[in-house]
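Visitor: My structure is in start_29.txt, and what it holds is compact mmCIF, C-alpha atoms:
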```txt
# COMPACT_ATOMS: atom_id res chain seq x y z
CA GLN U 1 -20.84 45.69 181.34
CA VAL U 2 -17.19 46.43 181.97
CA GLN U 3 -14.77 45.65 179.19
CA LEU U 4 -11.03 45.32 179.76
CA VAL U 5 -8.41 45.26 177.02
CA GLU U 6 -4.77 44.52 177.79
CA SER U 7 -1.82 45.56 175.67
CA GLY U 8 1.94 45.85 175.89
CA GLY U 9 3.00 42.23 175.96
CA GLY U 10 5.83 40.90 173.85
CA LEU U 11 9.16 39.12 173.74
CA VAL U 12 12.05 40.40 175.83
CA HIS U 13 15.39 39.08 177.01
CA THR U 14 16.13 38.29 180.64
CA GLY U 15 16.64 41.52 182.53
CA GLY U 16 14.48 43.51 180.16
CA SER U 17 11.38 45.56 180.87
CA LEU U 18 7.81 45.79 179.63
CA LYS U 19 4.86 47.96 180.59
CA LEU U 20 1.43 46.43 180.34
CA SER U 21 -1.69 48.53 180.03
CA CYS U 22 -5.32 47.66 180.61
CA ALA U 23 -7.93 49.99 179.15
CA ALA U 24 -11.35 49.86 180.79
CA SER U 25 -14.71 50.89 179.38
CA GLY U 26 -18.38 50.45 180.17
CA GLY U 27 -18.22 51.20 183.86
CA ILE U 28 -16.94 53.63 186.47
CA PHE U 29 -13.29 52.63 186.51
CA SER U 30 -12.48 54.63 189.59
CA ASN U 31 -14.89 52.47 191.61
CA TYR U 32 -13.09 49.21 190.95
CA PRO U 33 -10.22 47.57 192.74
CA MET U 34 -8.05 46.10 190.00
CA GLY U 35 -5.66 43.23 189.70
CA TRP U 36 -3.12 41.61 187.40
CA PHE U 37 -2.95 37.85 187.16
CA ARG U 38 -0.89 35.56 184.97
CA GLN U 39 -1.10 32.04 183.66
CA ALA U 40 1.88 30.08 182.41
CA PRO U 41 1.47 27.01 180.18
CA GLY U 42 0.27 24.05 182.21
CA LYS U 43 -0.17 26.09 185.37
CA GLU U 44 -3.05 27.67 187.20
CA ARG U 45 -3.76 31.37 186.98
CA GLU U 46 -1.91 33.19 189.75
CA PHE U 47 -2.11 36.57 191.40
CA VAL U 48 0.59 39.07 190.44
CA ALA U 49 -0.45 42.47 191.78
CA ALA U 50 -3.49 44.44 192.84
CA ILE U 51 -4.43 48.02 193.59
CA SER U 52 -7.28 49.60 195.50
CA TRP U 53 -9.85 51.81 193.78
CA SER U 54 -8.03 54.96 194.88
CA GLY U 55 -4.57 53.64 194.12
CA GLY U 56 -3.59 54.15 197.73
CA ASN U 57 -2.96 50.49 198.46
CA THR U 58 -1.01 47.99 196.40
CA TYR U 59 -0.29 44.30 196.85
CA TYR U 60 2.23 42.01 195.15
CA LEU U 61 3.19 38.42 194.69
CA ASP U 62 6.39 37.95 196.69
CA SER U 63 8.43 36.94 193.66
CA VAL U 64 7.68 40.20 191.82
CA LYS U 65 8.12 42.64 194.70
CA GLY U 66 10.75 45.22 193.85
CA ARG U 67 10.56 44.35 190.14
CA PHE U 68 6.93 45.05 189.20
CA THR U 69 4.87 48.16 189.92
CA ILE U 70 1.11 48.38 189.56
CA SER U 71 -0.49 51.76 189.06
CA ARG U 72 -3.66 53.30 187.71
CA ASP U 73 -4.81 56.50 186.07
CA ASN U 74 -8.46 56.91 186.90
CA ALA U 75 -8.76 59.92 184.60
CA LYS U 76 -7.69 57.72 181.68
CA ASN U 77 -9.55 54.59 182.83
CA THR U 78 -6.29 52.68 182.57
CA LEU U 79 -4.41 50.21 184.72
CA TYR U 80 -0.67 49.61 184.32
CA LEU U 81 1.93 47.04 185.26
CA GLN U 82 5.54 48.11 184.90
CA MET U 83 7.72 45.03 184.81
CA ASN U 84 11.47 45.36 185.25
CA SER U 85 14.27 42.81 185.60
CA LEU U 86 12.16 40.23 183.85
CA GLU U 87 13.03 36.57 184.28
CA PRO U 88 12.09 33.51 182.21
CA GLU U 89 9.79 32.49 185.08
CA ASP U 90 7.68 35.58 184.33
CA THR U 91 6.69 34.11 180.96
CA ALA U 92 2.89 33.85 180.90
CA VAL U 93 -0.30 35.34 179.61
CA TYR U 94 -1.11 38.36 181.77
CA TYR U 95 -4.70 39.29 182.54
CA CYS U 96 -6.17 42.37 184.14
CA ALA U 97 -9.29 42.06 186.22
CA ALA U 98 -11.78 44.29 188.00
CA ALA U 99 -13.64 43.64 191.23
CA PRO U 100 -17.30 44.71 191.40
CA SER U 101 -17.12 46.24 194.86
CA SER U 102 -15.06 49.25 195.87
CA PHE U 103 -14.14 47.68 199.19
CA VAL U 104 -12.20 44.44 199.20
CA GLY U 105 -10.66 42.74 202.20
CA ILE U 106 -6.88 42.64 202.05
CA ALA U 107 -6.72 38.87 201.67
CA ARG U 108 -9.29 38.86 198.91
CA TYR U 109 -7.20 41.00 196.56
CA ARG U 110 -5.14 37.89 195.79
CA MET U 111 -8.11 35.65 194.98
CA THR U 112 -9.33 35.14 191.43
CA GLU U 113 -12.93 34.80 192.61
CA THR U 114 -12.88 38.39 193.89
CA TYR U 115 -12.78 39.66 190.31
CA VAL U 116 -15.77 39.56 188.01
CA TYR U 117 -14.49 41.29 184.89
CA TRP U 118 -11.48 39.96 182.97
CA GLY U 119 -9.57 40.98 179.89
CA GLN U 120 -8.52 38.63 177.10
CA GLY U 121 -4.87 38.62 178.15
CA THR U 122 -1.58 39.72 176.68
CA ARG U 123 1.36 37.35 176.25
CA VAL U 124 4.73 38.03 177.83
CA THR U 125 7.69 35.88 176.84
CA VAL U 126 11.06 36.27 178.52
CA SER U 127 13.95 34.54 176.78
CA LEU U 128 17.32 33.60 178.21
```
The structure in this file should be written as structure tokens.

Guide:
Amino acid sequence: QVQLVESGGGLVHTGGSLKLSCAASGGIFSNYPMGWFRQAPGKEREFVAAISWSGGNTYYLDSVKGRFTISRDNAKNTLYLQMNSLEPEDTAVYYCAAAPSSFVGIARYRMTETYVYWGQGTRVTVSL
């Protein structure tokens, strides 16, 4: 059973930065495509970014391109999301997730149902 634990959330002002981490245990981290999703109050969970098992391919929500960077360190079993130029619209609970299969079709990286393992979330609040 894979366990995912997010950290790094907090309160920042508009334009600030945060780096989220997701520590994985209980599985072979390097086998899993990984994703970051977020859920704002009253809204559905949405895709933010994803990365292939090797780290060679990354995918982003259009509104975060150029501001957020997803990366992974397979030696440390850790996934990251560097968030720069944060905006109030980025306020949400951020979740990391792992897909059970090493090979995921490009379109499926953005789909919540692709991911089987989820963390408990870390809250990010961006104030004006």

Visitor: Around the point (-0.9, 35.8, 187.5) (coordinates from the file), which residues reach within 10 Å if we count all atoms listed in the file? Answer as a tab-separated table (two decimals) with C-alpha atoms, keeping the file's coordinate frame.

Guide:
```tsv
chain	number	residue	atom	x	y	z
U	35	GLY	CA	-5.66	43.23	189.70
U	36	TRP	CA	-3.12	41.61	187.40
U	37	PHE	CA	-2.95	37.85	187.16
U	38	ARG	CA	-0.89	35.56	184.97
U	39	GLN	CA	-1.10	32.04	183.66
U	40	ALA	CA	1.88	30.08	182.41
U	43	LYS	CA	-0.17	26.09	185.37
U	44	GLU	CA	-3.05	27.67	187.20
U	45	ARG	CA	-3.76	31.37	186.98
U	46	GLU	CA	-1.91	33.19	189.75
U	47	PHE	CA	-2.11	36.57	191.40
U	48	VAL	CA	0.59	39.07	190.44
U	49	ALA	CA	-0.45	42.47	191.78
U	61	LEU	CA	3.19	38.42	194.69
U	90	ASP	CA	7.68	35.58	184.33
U	92	ALA	CA	2.89	33.85	180.90
U	93	VAL	CA	-0.30	35.34	179.61
U	94	TYR	CA	-1.11	38.36	181.77
U	95	TYR	CA	-4.70	39.29	182.54
U	96	CYS	CA	-6.17	42.37	184.14
U	110	ARG	CA	-5.14	37.89	195.79
U	112	THR	CA	-9.33	35.14	191.43
```

Visitor: CA of Ala24 in chain U and CA of Val2 in chain U are how many Å apart?

Guide: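 Those two atoms sit 6.9 Å apart.
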
Visitor: Could you name the residues that touch Leu81 in chain U at 8 Å or less, counting all atoms listed in the file, but leaving out those on the same chain fewer than 4 positions away, as a PyMOL selection string?

Guide: chain U and resi 19-21+36+68-71

Visitor: Set the distance at 12 Å and use only C-alpha atoms: which residues neighbour Phe103 in chain U once local chain neighbours fewer than 5 positions away are removed? I'd like the list as a PyMOL selection string.

Guide: chain U and resi 30-34+51-54+57+98+108-109+114

Visitor: Next, the residues of the selection above should be written as a JSON list (two decimals), in the coordinates of the input with C-alpha atoms.

Guide:
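Saved to selection_39.json:
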```json
[["chain", "number", "residue", "atom", "x", "y", "z"],
["U", 30, "SER", "CA", -12.48, 54.63, 189.59],
["U", 31, "ASN", "CA", -14.89, 52.47, 191.61],
["U", 32, "TYR", "CA", -13.09, 49.21, 190.95],
["U", 33, "PRO", "CA", -10.22, 47.57, 192.74],
["U", 34, "MET", "CA", -8.05, 46.10, 190.00],
["U", 51, "ILE", "CA", -4.43, 48.02, 193.59],
["U", 52, "SER", "CA", -7.28, 49.60, 195.50],
["U", 53, "TRP", "CA", -9.85, 51.81, 193.78],
["U", 54, "SER", "CA", -8.03, 54.96, 194.88],
["U", 57, "ASN", "CA", -2.96, 50.49, 198.46],
["U", 98, "ALA", "CA", -11.78, 44.29, 188.00],
["U", 108, "ARG", "CA", -9.29, 38.86, 198.91],
["U", 109, "TYR", "CA", -7.20, 41.00, 196.56],
["U", 114, "THR", "CA", -12.88, 38.39, 193.89]]
```

Visitor: Do you have the CA of Pro41 in chain U-CA of Thr91 in chain U distance handy?

Guide: 8.8 Å

Visitor: Excluding Leu4 in chain U and any residue of its chain fewer than 6 positions from it, enumerate the residues within 7 Å of it, using all atoms listed in the file, and give them as a ChimeraX atom specification.

Guide: /U:22-25,118-119

Visitor: Could you give me, as number ranges by chain, the residues that have an atom at most 9 Å away from the point (11.0, 34.7, 186.4) in the coordinates of the file, using all atoms listed in the file?

Guide: U: 14, 63-64, 85-91, 126

Visitor: Would you mind listing what lies within 7 Å of Tyr115 in chain U as a PyMOL selection string, with all atoms listed in the file counted and same-chain residues fewer than 6 positions away left out?

Guide: chain U and resi 97-100

Visitor: What is the distance between CA of Gly42 in chain U and CA of Tyr60 in chain U, in Å to one decimal?

Guide: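 Those two atoms sit 22.2 Å apart.
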
Visitor: When you count only C-alpha atoms, which of these residues is closest to Val12 in chain U: U:Val116, U:Met83, U:Ala107, U:Ala75?

Guide: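 Nearest candidate to Val12 in chain U out of U:Val116, U:Met83, U:Ala107, U:Ala75: U:Met83.
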
Visitor: From the options U:Gly56, U:Ile106, U:Gly15, U:Ile28, which residue's atoms come nearest to Gln1 in chain U, counting all atoms listed in the file?

Guide: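 Of the candidates, the smallest distance to Gln1 in chain U is held by U:Ile28.
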